[in-house]
Amino acid sequence: MLRLLKSPLRLALRQWGKSIIVVLLLGTGAALYAKPAWRQRVETLAQPVLEWAGLVQHSHDSDDIYWCPMHPQIKRKNANDVCPICNMALVLLEGGGSDTPPDQLTLTARQVQQAGIVSEAVLRRQLYREIDTTGRIDHDERYYTGISAWPSGRSRIDRLHVNFTGDRVTRGQVVAEIYSPALITAQEEFLVSLESVSGETANATRPSSSGGILNSVGKKLLESARQKLIYQGLTEQQVEELSRTRRVLDRIPIQSPISGTVIERHVQEGQYVSEGDWLLHLADLSHLWILGDIYENELGSVAIGQPATVSVQSFPGEIFDGTVSFIDPVVDRESRTVRVRLDVSNPDGRLKPGMYVRVQFRRDWPDVLAVPENAVLWTGQRAVAIVRQSEGTFQPRELRLGGRWLYESPESSDESRESSVVTRTATQNTSLEFGSNRQRYHEVLAGLHPGEQVVTAGAFLINAEAQFQNVMAKLLPPQDQPATLESALGEPLAGGVRNVLDAYFKLTTSLTEDQLEPIAAQANALVTSSRELAQQAAGSNATDLQKSALTLAGHAAEIAGKGPADLKAARIAYGRISRDLFTLLSENGGQTLFGRDVFAFRCGMARVGYENWLWWSPEKHNPYMGQRMLSCGTTLESLAEGGE
């Protein structure tokens with residue numbers, strides 16, 4: 001008990017002793033502080049004394065930043081400060097010594113761990129897209145036919161050889177026999193005409209002035225009677241048989257025109273029918289159609305001649321091969337779908353018209369830059385990815401996406417991954433089974449570079465934190481921000497266009513300075529950059545850009561190699577190059593450069609057949625007139641005028 005009492009007393013005495021010493025020192029210092037020569041020394045001596053006494057805290061310059069975990073926008077340099085919002089003590093911000101850029105977000109190691117943040121490298125991948133839809137089996141109209149009553153008037157079905165719907169028949173098989181008074185009369189007329197012609201032929205040796213005329217008329221009547229029989233349903237073979245036997249058929253056999261299955265039976269035996277009435281409908285079910293529906297945003301992944309896989313519930317695990325043979329040219333206004341028709345072979349007849357089927361298409365994409373689906377956040381119409389800059393530092397990045405919901409092909413080589421700056425950390429399932437849990441990807445046209453790390457897990461928490469710290473508002477441009485060449489063409493193509501412009505501007509500089517010697521080398525550089533741009537455009541299926549780049553390279557080649565004969569020849573070729581470049585830019589996103597990186601001019605005094613040119617600044621440098629009239633020219637207000 002005495003020890004407990006002595007301890008507080010000892011502390012109090014010690015504190016009083018410090019206070020007395022401080023008072024004496026401050027009194028002495030106050031006298032010396034009045035002298036300027038001693039002022040700095042007194043301040044230096046007083047600070048450690050006050051800290052020793054516990055009256056002030058230790059003060060030193062530090063780059064440490066303290067922040068509120070509940071309100072990350074609150075940041076202070078004093079460790080003893082509290083959050084003015086929640087009155088919570090501030091904690092040390094790891095890595096907070098340097099100021100964080102306004103478009104980045106900083107999290108502590110604990111926050112990163114609690115959010116379960118996982119990142120993955122952005123790589124170029126060989127991807128493919130799957131379309132999984134439903135369809136139904138229908139007859140192939142090219143192998144579908146109907147049999148109708150051909151004789152005029154009314155006829156009677158005397159005998160029907162097809163007993164039920166679904167019966168199979170072969171080509172030429174008799175399916176019915178009909179009694180037709182009109183057809184019997186037509187047969188008799190044919191036989192009379194045949195006898196008449198035969199009699200005239202037998203008497204042809206007798207001299208007669210009208211014998212030739214009668215013979216000609218008889219043949220025409222015979223031919224007319226013959227055609228009448230064919231028009232009323234008799235075949236050529238049946239007419240020939242009638243000519244040979246000279247015996248009228250009271251029952252006319254009707255033969256099947258194809259081999260197939262009876263789909264519909266419209267008559268019964270003994271039934272009377274009129275001309276044009278349907279008797280039977282037949283279909284060859286060894287060839288079928290599958291009619292499927294795809295959404296209009298999937299049209300780019302389906303083409304005529306493309307293979308597809310078909311499966312039905314009746315035969316689980318079995319796959320039937322189909323081929324796209326027709327795409328409906330009209331979109332259904334209500335369902336916003338397009339009908340796609342597939343041809344499928346059915347030699348064993350297991351597929352039945354009317355069955356519902358599952359149809360799956362696959363379209364392979366070229367080697368493209370891609371990110372996992374769960375790395376993309378959608379903020380309205382914008383796609384955003386969270387890029388991991390360093391430990392605890394993240395940056396939201398707006399993306400321009402191409403193909404979406406793609407899968408990685410098993411043919412993807414590991415060499416592309418090894419060449420990347422950062423190795424992919426996430427596992428991947430390359431199974432080809434439709435509808436599996438494989439990871440899906442989005443094609444990235446702009447916004448990311450190979451090797452950058454994007455957050456694939458915990459991105460929503462980072463996004464919420466970024467919204468709270470107002471990072472998104474500082475990063476994302478307003479909706480009405482003007483487009484850039486990169487956003488219009490993508491990073492690779494935009495870089496190729498800029499390389500072409502750089503080579504063109506160097507050639508322009510030589511002509512403005514009337515220098516002939518460097519033109520050949522500069523034109524050769526323009527040929528190289530134009531051809532590289534054409535190759536990039538071919539890889540991106542930008543056919544118009546590829547064509548324009550090749551045309552530009554062809555005109556630049558006219559003054560490459562040995563070079564032009566003189567400045568006039570160089571300027572004529574330069575005029576063609578300028579015209580090609582106007583076309584290339586105006587049709588391929590170059591208008592985004594106009595007024596900033598590219599300016600257009602016209603020289604009305606040029607005598608080379610061309611008068612327009614481009615320059616990188618609004619200052620006129622006339623390549624057609626050179627040093628004689630360097631500033632001559634008119635500024636154009638658009639690239640379209642230069643293309644005329």
# chains A, B, ... in the order shown; residues from 1 in each chain; ligands from 1
call {"tool": "residues_around", "arguments": {"residues": "region 627-633 of chain A", "least_positions_apart": "4", "cutoff": "6 Å", "atoms": "only C-alpha atoms", "output": "list in words"}}
result
Arg602, Cys603, Lys620, His621 and Asn622 of chain A
call {"tool": "select_by_dssp", "arguments": {"residues": "region 112-239 of chain A", "states": "strand (DSSP E)", "output": "CSV table (one decimal) with all heavy atoms, in the first residue's frame"}}
result
chain,number,residue,atom,x,y,z
A,118,VAL,N,-7.4,-9.1,-56.6
A,118,VAL,CA,-6.6,-10.0,-57.4
A,118,VAL,C,-6.4,-9.3,-58.8
A,118,VAL,O,-7.4,-8.8,-59.3
A,118,VAL,CB,-7.2,-11.4,-57.6
A,118,VAL,CG1,-6.3,-12.2,-58.5
A,118,VAL,CG2,-7.4,-12.1,-56.2
A,119,SER,N,-5.2,-9.3,-59.3
A,119,SER,CA,-5.0,-8.6,-60.6
A,119,SER,C,-4.5,-9.7,-61.6
A,119,SER,O,-4.0,-10.7,-61.2
A,119,SER,CB,-4.0,-7.5,-60.5
A,119,SER,OG,-2.7,-8.0,-60.0
A,120,GLU,N,-4.6,-9.3,-62.9
A,120,GLU,CA,-4.2,-10.2,-64.0
A,120,GLU,C,-3.6,-9.4,-65.1
A,120,GLU,O,-4.0,-8.3,-65.3
A,120,GLU,CB,-5.4,-11.0,-64.5
A,120,GLU,CG,-5.1,-12.0,-65.6
A,120,GLU,CD,-6.3,-12.8,-65.9
A,120,GLU,OE1,-7.1,-13.1,-65.1
A,120,GLU,OE2,-6.4,-13.3,-67.1
A,121,ALA,N,-2.6,-9.9,-65.7
A,121,ALA,CA,-1.9,-9.2,-66.8
A,121,ALA,C,-2.8,-9.1,-68.1
A,121,ALA,O,-3.5,-10.0,-68.4
A,121,ALA,CB,-0.6,-9.8,-67.1
A,123,LEU,N,-3.0,-9.4,-71.8
A,123,LEU,CA,-2.3,-10.1,-72.9
A,123,LEU,C,-3.0,-10.1,-74.2
A,123,LEU,O,-4.2,-9.9,-74.3
A,123,LEU,CB,-2.0,-11.5,-72.4
A,123,LEU,CG,-1.3,-11.7,-71.1
A,123,LEU,CD1,-1.3,-13.2,-70.7
A,123,LEU,CD2,0.1,-11.2,-71.1
A,124,ARG,N,-2.3,-10.4,-75.2
A,124,ARG,CA,-2.9,-10.7,-76.5
A,124,ARG,C,-3.2,-12.2,-76.6
A,124,ARG,O,-2.4,-13.0,-76.3
A,124,ARG,CB,-1.9,-10.3,-77.7
A,124,ARG,CG,-1.5,-8.9,-77.7
A,124,ARG,CD,-0.8,-8.5,-79.0
A,124,ARG,NE,-1.7,-8.5,-80.1
A,124,ARG,CZ,-2.5,-7.4,-80.4
A,124,ARG,NH1,-2.4,-6.3,-79.7
A,124,ARG,NH2,-3.3,-7.5,-81.4
A,125,ARG,N,-4.5,-12.4,-77.0
A,125,ARG,CA,-5.0,-13.8,-77.0
A,125,ARG,C,-5.7,-14.1,-78.3
A,125,ARG,O,-6.2,-13.2,-79.0
A,125,ARG,CB,-5.9,-14.0,-75.8
A,125,ARG,CG,-5.4,-13.6,-74.5
A,125,ARG,CD,-6.4,-13.7,-73.4
A,125,ARG,NE,-6.0,-13.1,-72.1
A,125,ARG,CZ,-5.3,-13.8,-71.2
A,125,ARG,NH1,-5.1,-15.1,-71.4
A,125,ARG,NH2,-4.9,-13.2,-70.1
A,126,GLN,N,-5.7,-15.4,-78.6
A,126,GLN,CA,-6.5,-15.9,-79.7
A,126,GLN,C,-7.9,-16.3,-79.1
A,126,GLN,O,-8.0,-17.3,-78.3
A,126,GLN,CB,-5.8,-17.1,-80.4
A,126,GLN,CG,-4.6,-16.7,-81.1
A,126,GLN,CD,-3.9,-17.9,-81.8
A,126,GLN,OE1,-4.4,-19.0,-81.7
A,126,GLN,NE2,-2.8,-17.7,-82.4
A,127,LEU,N,-8.9,-15.6,-79.5
A,127,LEU,CA,-10.2,-15.8,-78.9
A,127,LEU,C,-11.2,-16.3,-79.9
A,127,LEU,O,-11.0,-16.2,-81.1
A,127,LEU,CB,-10.7,-14.5,-78.2
A,127,LEU,CG,-9.7,-13.9,-77.2
A,127,LEU,CD1,-10.3,-12.5,-76.8
A,127,LEU,CD2,-9.6,-14.8,-76.0
A,128,TYR,N,-12.3,-16.7,-79.4
A,128,TYR,CA,-13.5,-17.0,-80.3
A,128,TYR,C,-14.8,-16.7,-79.5
A,128,TYR,O,-14.8,-16.6,-78.3
A,128,TYR,CB,-13.4,-18.5,-80.7
A,128,TYR,CG,-13.6,-19.5,-79.6
A,128,TYR,CD1,-14.9,-20.0,-79.2
A,128,TYR,CD2,-12.5,-20.0,-78.8
A,128,TYR,CE1,-15.1,-20.9,-78.2
A,128,TYR,CE2,-12.7,-20.9,-77.8
A,128,TYR,CZ,-14.0,-21.3,-77.5
A,128,TYR,OH,-14.1,-22.2,-76.5
A,129,ARG,N,-15.8,-16.5,-80.3
A,129,ARG,CA,-17.1,-16.2,-79.7
A,129,ARG,C,-18.1,-17.3,-80.0
A,129,ARG,O,-18.1,-17.9,-81.0
A,129,ARG,CB,-17.7,-14.9,-80.3
A,129,ARG,CG,-19.0,-14.5,-79.6
A,129,ARG,CD,-19.5,-13.2,-80.1
A,129,ARG,NE,-20.7,-12.8,-79.4
A,129,ARG,CZ,-21.4,-11.7,-79.6
A,129,ARG,NH1,-21.1,-10.9,-80.6
A,129,ARG,NH2,-22.5,-11.5,-78.9
A,130,GLU,N,-18.9,-17.6,-79.0
A,130,GLU,CA,-19.9,-18.6,-79.1
A,130,GLU,C,-21.3,-18.0,-79.1
A,130,GLU,O,-21.5,-17.0,-78.4
A,130,GLU,CB,-19.8,-19.6,-77.9
A,130,GLU,CG,-18.6,-20.4,-77.8
A,130,GLU,CD,-18.5,-21.2,-76.5
A,130,GLU,OE1,-19.3,-20.9,-75.6
A,130,GLU,OE2,-17.7,-22.1,-76.4
A,131,ILE,N,-22.1,-18.5,-80.0
A,131,ILE,CA,-23.5,-18.2,-80.0
A,131,ILE,C,-24.3,-19.4,-79.8
A,131,ILE,O,-24.2,-20.4,-80.6
A,131,ILE,CB,-23.9,-17.5,-81.4
A,131,ILE,CG1,-23.1,-16.2,-81.6
A,131,ILE,CG2,-25.4,-17.2,-81.4
A,131,ILE,CD1,-23.4,-15.6,-82.9
A,132,ASP,N,-25.1,-19.4,-78.7
A,132,ASP,CA,-25.9,-20.6,-78.4
A,132,ASP,C,-27.4,-20.2,-78.5
A,132,ASP,O,-27.8,-19.3,-77.7
A,132,ASP,CB,-25.5,-21.0,-76.9
A,132,ASP,CG,-26.0,-22.4,-76.6
A,132,ASP,OD1,-26.9,-22.9,-77.3
A,132,ASP,OD2,-25.4,-23.0,-75.7
A,133,THR,N,-28.1,-20.8,-79.4
A,133,THR,CA,-29.5,-20.4,-79.6
A,133,THR,C,-30.3,-21.7,-79.8
A,133,THR,O,-29.8,-22.8,-79.8
A,133,THR,CB,-29.6,-19.5,-80.8
A,133,THR,OG1,-31.0,-19.0,-80.9
A,133,THR,CG2,-29.2,-20.1,-82.1
A,134,THR,N,-31.6,-21.5,-80.0
A,134,THR,CA,-32.5,-22.6,-80.3
A,134,THR,C,-33.0,-22.5,-81.7
A,134,THR,O,-33.0,-21.5,-82.3
A,134,THR,CB,-33.7,-22.6,-79.3
A,134,THR,OG1,-34.4,-21.4,-79.4
A,134,THR,CG2,-33.2,-22.8,-77.9
A,135,GLY,N,-33.6,-23.6,-82.2
A,135,GLY,CA,-34.1,-23.6,-83.5
A,135,GLY,C,-35.1,-24.8,-83.7
A,135,GLY,O,-35.3,-25.6,-82.7
A,136,ARG,N,-35.7,-24.9,-84.8
A,136,ARG,CA,-36.6,-26.1,-85.1
A,136,ARG,C,-36.2,-26.6,-86.5
A,136,ARG,O,-35.8,-26.0,-87.4
A,136,ARG,CB,-38.0,-25.6,-85.0
A,136,ARG,CG,-38.4,-24.6,-86.1
A,136,ARG,CD,-39.9,-24.2,-86.0
A,136,ARG,NE,-40.2,-23.2,-86.9
A,136,ARG,CZ,-40.6,-23.4,-88.2
A,136,ARG,NH1,-40.6,-24.7,-88.6
A,136,ARG,NH2,-40.9,-22.5,-89.0
A,137,ILE,N,-36.5,-27.9,-86.6
A,137,ILE,CA,-36.2,-28.6,-87.8
A,137,ILE,C,-37.4,-28.5,-88.8
A,137,ILE,O,-38.6,-28.6,-88.3
A,137,ILE,CB,-35.9,-30.1,-87.6
A,137,ILE,CG1,-34.7,-30.2,-86.7
A,137,ILE,CG2,-35.7,-30.9,-88.9
A,137,ILE,CD1,-34.4,-31.7,-86.3
A,138,ASP,N,-37.2,-28.2,-90.0
A,138,ASP,CA,-38.2,-28.1,-91.0
A,138,ASP,C,-37.8,-28.8,-92.3
A,138,ASP,O,-36.6,-29.2,-92.5
A,138,ASP,CB,-38.5,-26.6,-91.3
A,138,ASP,CG,-39.9,-26.4,-91.8
A,138,ASP,OD1,-40.6,-27.4,-92.2
A,138,ASP,OD2,-40.3,-25.2,-91.9
A,139,HIS,N,-38.8,-29.0,-93.2
A,139,HIS,CA,-38.5,-29.6,-94.5
A,139,HIS,C,-37.5,-28.7,-95.3
A,139,HIS,O,-37.6,-27.5,-95.2
A,139,HIS,CB,-39.7,-29.8,-95.3
A,139,HIS,CG,-40.9,-30.4,-94.5
A,139,HIS,ND1,-40.8,-31.7,-94.1
A,139,HIS,CD2,-42.1,-29.9,-94.1
A,139,HIS,CE1,-42.0,-32.0,-93.4
A,139,HIS,NE2,-42.7,-30.9,-93.5
A,144,TYR,N,-39.0,-30.8,-101.4
A,144,TYR,CA,-40.4,-30.9,-101.0
A,144,TYR,C,-41.3,-30.7,-102.2
A,144,TYR,O,-41.1,-29.7,-102.9
A,144,TYR,CB,-40.6,-29.9,-99.9
A,144,TYR,CG,-42.0,-29.9,-99.3
A,144,TYR,CD1,-42.3,-30.8,-98.2
A,144,TYR,CD2,-43.0,-29.0,-99.7
A,144,TYR,CE1,-43.6,-30.8,-97.7
A,144,TYR,CE2,-44.3,-29.0,-99.1
A,144,TYR,CZ,-44.5,-29.9,-98.1
A,144,TYR,OH,-45.8,-29.9,-97.5
A,145,THR,N,-42.2,-31.5,-102.4
A,145,THR,CA,-43.1,-31.4,-103.6
A,145,THR,C,-44.5,-31.9,-103.3
A,145,THR,O,-44.7,-32.6,-102.3
A,145,THR,CB,-42.5,-32.2,-104.8
A,145,THR,OG1,-43.3,-31.9,-105.9
A,145,THR,CG2,-42.6,-33.7,-104.5
A,146,GLY,N,-45.4,-31.4,-104.1
A,146,GLY,CA,-46.8,-31.9,-104.0
A,146,GLY,C,-47.3,-32.5,-105.3
A,146,GLY,O,-46.9,-32.1,-106.4
A,147,ILE,N,-48.3,-33.4,-105.2
A,147,ILE,CA,-48.9,-34.0,-106.3
A,147,ILE,C,-50.4,-33.5,-106.4
A,147,ILE,O,-51.1,-33.7,-105.4
A,147,ILE,CB,-48.9,-35.5,-106.2
A,147,ILE,CG1,-47.4,-36.0,-106.1
A,147,ILE,CG2,-49.5,-36.2,-107.4
A,147,ILE,CD1,-47.3,-37.5,-105.9
A,148,SER,N,-50.8,-33.0,-107.5
A,148,SER,CA,-52.2,-32.4,-107.6
A,148,SER,C,-52.9,-33.1,-108.8
A,148,SER,O,-52.2,-33.8,-109.6
A,148,SER,CB,-52.1,-30.9,-107.9
A,148,SER,OG,-51.5,-30.6,-109.1
A,154,ARG,N,-63.8,-32.9,-113.4
A,154,ARG,CA,-63.8,-33.7,-112.2
A,154,ARG,C,-63.3,-35.1,-112.5
A,154,ARG,O,-63.6,-35.7,-113.5
A,154,ARG,CB,-65.1,-33.7,-111.5
A,154,ARG,CG,-65.6,-32.4,-110.9
A,154,ARG,CD,-66.9,-32.5,-110.3
A,154,ARG,NE,-67.0,-33.4,-109.2
A,154,ARG,CZ,-66.6,-33.1,-108.0
A,154,ARG,NH1,-66.1,-32.0,-107.7
A,154,ARG,NH2,-66.8,-34.0,-107.0
A,155,SER,N,-62.5,-35.6,-111.5
A,155,SER,CA,-61.9,-37.0,-111.7
A,155,SER,C,-62.2,-37.7,-110.4
A,155,SER,O,-62.5,-37.1,-109.3
A,155,SER,CB,-60.4,-36.9,-111.9
A,155,SER,OG,-60.1,-36.1,-113.1
A,156,ARG,N,-62.1,-39.1,-110.5
A,156,ARG,CA,-62.3,-39.9,-109.3
A,156,ARG,C,-61.1,-40.7,-109.0
A,156,ARG,O,-60.4,-41.2,-109.8
A,156,ARG,CB,-63.5,-40.9,-109.6
A,156,ARG,CG,-63.9,-41.7,-108.4
A,156,ARG,CD,-65.0,-42.7,-108.7
A,156,ARG,NE,-64.6,-43.7,-109.6
A,156,ARG,CZ,-65.2,-43.8,-110.8
A,156,ARG,NH1,-66.1,-43.0,-111.3
A,156,ARG,NH2,-64.8,-44.8,-111.7
A,157,ILE,N,-60.7,-40.7,-107.6
A,157,ILE,CA,-59.6,-41.5,-107.2
A,157,ILE,C,-60.1,-43.0,-107.1
A,157,ILE,O,-60.8,-43.4,-106.1
A,157,ILE,CB,-59.1,-41.1,-105.8
A,157,ILE,CG1,-58.8,-39.6,-105.8
A,157,ILE,CG2,-57.9,-41.8,-105.4
A,157,ILE,CD1,-57.7,-39.2,-106.8
A,158,ASP,N,-59.8,-43.7,-108.1
A,158,ASP,CA,-60.2,-45.1,-108.2
A,158,ASP,C,-59.4,-46.0,-107.2
A,158,ASP,O,-59.9,-46.9,-106.6
A,158,ASP,CB,-60.1,-45.7,-109.6
A,158,ASP,CG,-61.4,-45.6,-110.3
A,158,ASP,OD1,-62.3,-45.0,-109.8
A,158,ASP,OD2,-61.5,-46.2,-111.4
A,159,ARG,N,-58.1,-45.7,-107.1
A,159,ARG,CA,-57.3,-46.6,-106.3
A,159,ARG,C,-56.2,-45.7,-105.7
A,159,ARG,O,-55.6,-44.9,-106.4
A,159,ARG,CB,-56.7,-47.7,-107.0
A,159,ARG,CG,-55.8,-48.6,-106.2
A,159,ARG,CD,-55.3,-49.8,-106.9
A,159,ARG,NE,-56.5,-50.7,-107.2
A,159,ARG,CZ,-56.4,-51.9,-107.8
A,159,ARG,NH1,-55.2,-52.3,-108.2
A,159,ARG,NH2,-57.5,-52.6,-108.0
A,160,LEU,N,-55.9,-45.8,-104.4
A,160,LEU,CA,-54.9,-45.1,-103.7
A,160,LEU,C,-53.9,-46.0,-103.1
A,160,LEU,O,-54.3,-46.8,-102.2
A,160,LEU,CB,-55.5,-44.2,-102.6
A,160,LEU,CG,-54.6,-43.2,-101.9
A,160,LEU,CD1,-54.1,-42.1,-102.9
A,160,LEU,CD2,-55.4,-42.5,-100.8
A,168,ARG,N,-43.3,-44.3,-97.0
A,168,ARG,CA,-42.2,-43.9,-97.9
A,168,ARG,C,-42.5,-44.4,-99.3
A,168,ARG,O,-43.0,-45.5,-99.5
A,168,ARG,CB,-40.9,-44.6,-97.3
A,168,ARG,CG,-40.5,-44.0,-96.0
A,168,ARG,CD,-39.1,-44.5,-95.6
A,168,ARG,NE,-38.1,-44.3,-96.6
A,168,ARG,CZ,-37.4,-43.1,-96.7
A,168,ARG,NH1,-37.6,-42.1,-95.8
A,168,ARG,NH2,-36.5,-43.0,-97.6
A,169,VAL,N,-42.1,-43.6,-100.3
A,169,VAL,CA,-42.2,-43.9,-101.7
A,169,VAL,C,-40.9,-43.7,-102.4
A,169,VAL,O,-40.0,-42.9,-101.9
A,169,VAL,CB,-43.4,-43.1,-102.3
A,169,VAL,CG1,-44.7,-43.4,-101.7
A,169,VAL,CG2,-43.0,-41.6,-102.2
A,174,VAL,N,-46.0,-45.7,-108.5
A,174,VAL,CA,-47.4,-45.3,-108.6
A,174,VAL,C,-48.1,-45.2,-107.3
A,174,VAL,O,-48.1,-46.1,-106.4
A,174,VAL,CB,-48.2,-46.4,-109.4
A,174,VAL,CG1,-49.7,-46.0,-109.5
A,174,VAL,CG2,-47.6,-46.6,-110.8
A,175,VAL,N,-48.5,-43.9,-107.0
A,175,VAL,CA,-49.1,-43.6,-105.7
A,175,VAL,C,-50.7,-43.6,-105.8
A,175,VAL,O,-51.3,-43.7,-104.7
A,175,VAL,CB,-48.6,-42.3,-105.2
A,175,VAL,CG1,-47.1,-42.4,-104.9
A,175,VAL,CG2,-48.9,-41.1,-106.1
A,176,ALA,N,-51.2,-43.4,-107.0
A,176,ALA,CA,-52.7,-43.4,-107.1
A,176,ALA,C,-53.1,-43.7,-108.5
A,176,ALA,O,-52.3,-43.5,-109.5
A,176,ALA,CB,-53.2,-42.0,-106.6
A,177,GLU,N,-54.3,-44.1,-108.7
A,177,GLU,CA,-54.9,-44.2,-110.1
A,177,GLU,C,-56.2,-43.5,-110.1
A,177,GLU,O,-57.1,-43.7,-109.2
A,177,GLU,CB,-55.1,-45.7,-110.4
A,177,GLU,CG,-53.8,-46.5,-110.4
A,177,GLU,CD,-54.1,-48.0,-110.7
A,177,GLU,OE1,-55.1,-48.3,-111.3
A,177,GLU,OE2,-53.2,-48.8,-110.4
A,178,ILE,N,-56.4,-42.7,-111.1
A,178,ILE,CA,-57.7,-41.9,-111.2
A,178,ILE,C,-58.4,-42.2,-112.5
A,178,ILE,O,-57.8,-42.6,-113.5
A,178,ILE,CB,-57.3,-40.4,-111.1
A,178,ILE,CG1,-56.5,-39.9,-112.3
A,178,ILE,CG2,-56.6,-40.0,-109.8
A,178,ILE,CD1,-56.4,-38.4,-112.4
A,179,TYR,N,-59.7,-42.0,-112.4
A,179,TYR,CA,-60.6,-42.1,-113.6
A,179,TYR,C,-61.0,-40.7,-114.0
A,179,TYR,O,-61.6,-40.0,-113.2
A,179,TYR,CB,-61.8,-42.9,-113.3
A,179,TYR,CG,-62.9,-42.9,-114.4
A,179,TYR,CD1,-62.7,-43.6,-115.6
A,179,TYR,CD2,-64.0,-42.1,-114.2
A,179,TYR,CE1,-63.7,-43.5,-116.6
A,179,TYR,CE2,-65.0,-42.0,-115.2
A,179,TYR,CZ,-64.8,-42.7,-116.4
A,179,TYR,OH,-65.7,-42.6,-117.4
call {"tool": "residues_around", "arguments": {"residues": "Ala494 (chain A)", "least_positions_apart": "2", "cutoff": "10 Å", "atoms": "only C-alpha atoms", "output": "PyMOL selection string"}}
result
chain A and resi 484-492+496-500+533+588-590
call {"tool": "atom_distance", "arguments": {"atom1": "CA of Gly172 (chain A)", "atom2": "CA of Ile230 (chain A)"}}
result
16.0 Å
call {"tool": "residues_around", "arguments": {"residues": "Leu92 (chain A)", "least_positions_apart": "6", "cutoff": "10 Å", "atoms": "only C-alpha atoms", "output": "ChimeraX atom specification"}}
result
/A:64-69,75-79,108
call {"tool": "closest_residue", "arguments": {"among": "A:Glu408, A:Tyr356, A:Ala606, A:Ala375", "to": "Gly626 (chain A)", "atoms": "only C-alpha atoms"}}
result
A:Ala606
call {"tool": "closest_residue", "arguments": {"among": "A:Val239, A:Asp167, A:Gln439, A:Asp277", "to": "Arg226 (chain A)", "atoms": "only C-alpha atoms"}}
result
A:Val239
call {"tool": "residues_around", "arguments": {"residues": "Arg388 (chain A)", "least_positions_apart": "5", "cutoff": "9 Å", "atoms": "only C-alpha atoms", "output": "ChimeraX atom specification"}}
result
/A:119,393-396,452-455
call {"tool": "closest_residue", "arguments": {"among": "A:Ala600, A:Leu567, A:Ile74, A:Leu342", "to": "His287 (chain A)", "atoms": "only C-alpha atoms"}}
result
A:Leu342
call {"tool": "closest_residue", "arguments": {"among": "A:Gly305, A:Pro618, A:Gly166, A:Pro518", "to": "Lys562 (chain A)", "atoms": "only C-alpha atoms"}}
result
A:Pro518
call {"tool": "residues_around", "arguments": {"residues": "Gly604 (chain A)", "least_positions_apart": "4", "cutoff": "12 Å", "atoms": "only C-alpha atoms", "output": "mmCIF file with N, CA and C atoms, in the first residue's frame"}}
result
data_model
loop_
_atom_site.group_PDB
_atom_site.id
_atom_site.type_symbol
_atom_site.label_atom_id
_atom_site.label_comp_id
_atom_site.auth_asym_id
_atom_site.auth_seq_id
_atom_site.Cartn_x
_atom_site.Cartn_y
_atom_site.Cartn_z
ATOM 1 N N VAL A 608 1.559 22.722 -110.857
ATOM 2 C CA VAL A 608 1.932 21.315 -111.013
ATOM 3 C C VAL A 608 0.703 20.412 -111.112
ATOM 4 N N GLY A 609 -0.468 20.996 -111.209
ATOM 5 C CA GLY A 609 -1.686 20.202 -111.312
ATOM 6 C C GLY A 609 -2.331 19.889 -109.979
ATOM 7 N N TYR A 610 -1.664 20.199 -108.883
ATOM 8 C CA TYR A 610 -2.195 19.987 -107.541
ATOM 9 C C TYR A 610 -1.917 21.242 -106.729
ATOM 10 N N GLU A 611 -2.724 21.478 -105.700
ATOM 11 C CA GLU A 611 -2.573 22.739 -104.996
ATOM 12 C C GLU A 611 -2.770 22.642 -103.494
ATOM 13 N N ASN A 612 -3.104 21.476 -102.945
ATOM 14 C CA ASN A 612 -3.374 21.364 -101.513
ATOM 15 C C ASN A 612 -2.223 20.673 -100.800
ATOM 16 N N TRP A 613 -2.044 20.988 -99.521
ATOM 17 C CA TRP A 613 -1.047 20.306 -98.715
ATOM 18 C C TRP A 613 -1.441 20.385 -97.243
ATOM 19 N N ASN A 622 4.689 26.854 -97.809
ATOM 20 C CA ASN A 622 4.219 26.383 -99.103
ATOM 21 C C ASN A 622 5.258 25.491 -99.763
ATOM 22 N N TYR A 624 4.920 23.997 -102.650
ATOM 23 C CA TYR A 624 4.866 24.129 -104.104
ATOM 24 C C TYR A 624 5.663 25.344 -104.598
ATOM 25 N N MET A 625 5.678 26.414 -103.817
ATOM 26 C CA MET A 625 6.396 27.630 -104.215
ATOM 27 C C MET A 625 7.782 27.702 -103.602
ATOM 28 N N MET A 629 7.897 32.010 -102.549
ATOM 29 C CA MET A 629 6.690 32.554 -101.909
ATOM 30 C C MET A 629 6.279 31.575 -100.811
ATOM 31 N N CYS A 632 2.734 31.899 -99.146
ATOM 32 C CA CYS A 632 1.582 31.990 -100.040
ATOM 33 C C CYS A 632 0.638 30.821 -99.774
ATOM 34 N N GLY A 633 -0.642 31.089 -99.703
ATOM 35 C CA GLY A 633 -1.593 30.007 -99.512
ATOM 36 C C GLY A 633 -2.815 30.447 -98.736
ATOM 37 N N THR A 634 -3.853 29.620 -98.792
ATOM 38 C CA THR A 634 -5.111 29.862 -98.105
ATOM 39 C C THR A 634 -5.363 28.719 -97.134
ATOM 40 N N THR A 635 -5.793 29.051 -95.939
ATOM 41 C CA THR A 635 -6.089 28.033 -94.936
ATOM 42 C C THR A 635 -7.466 27.428 -95.198
#
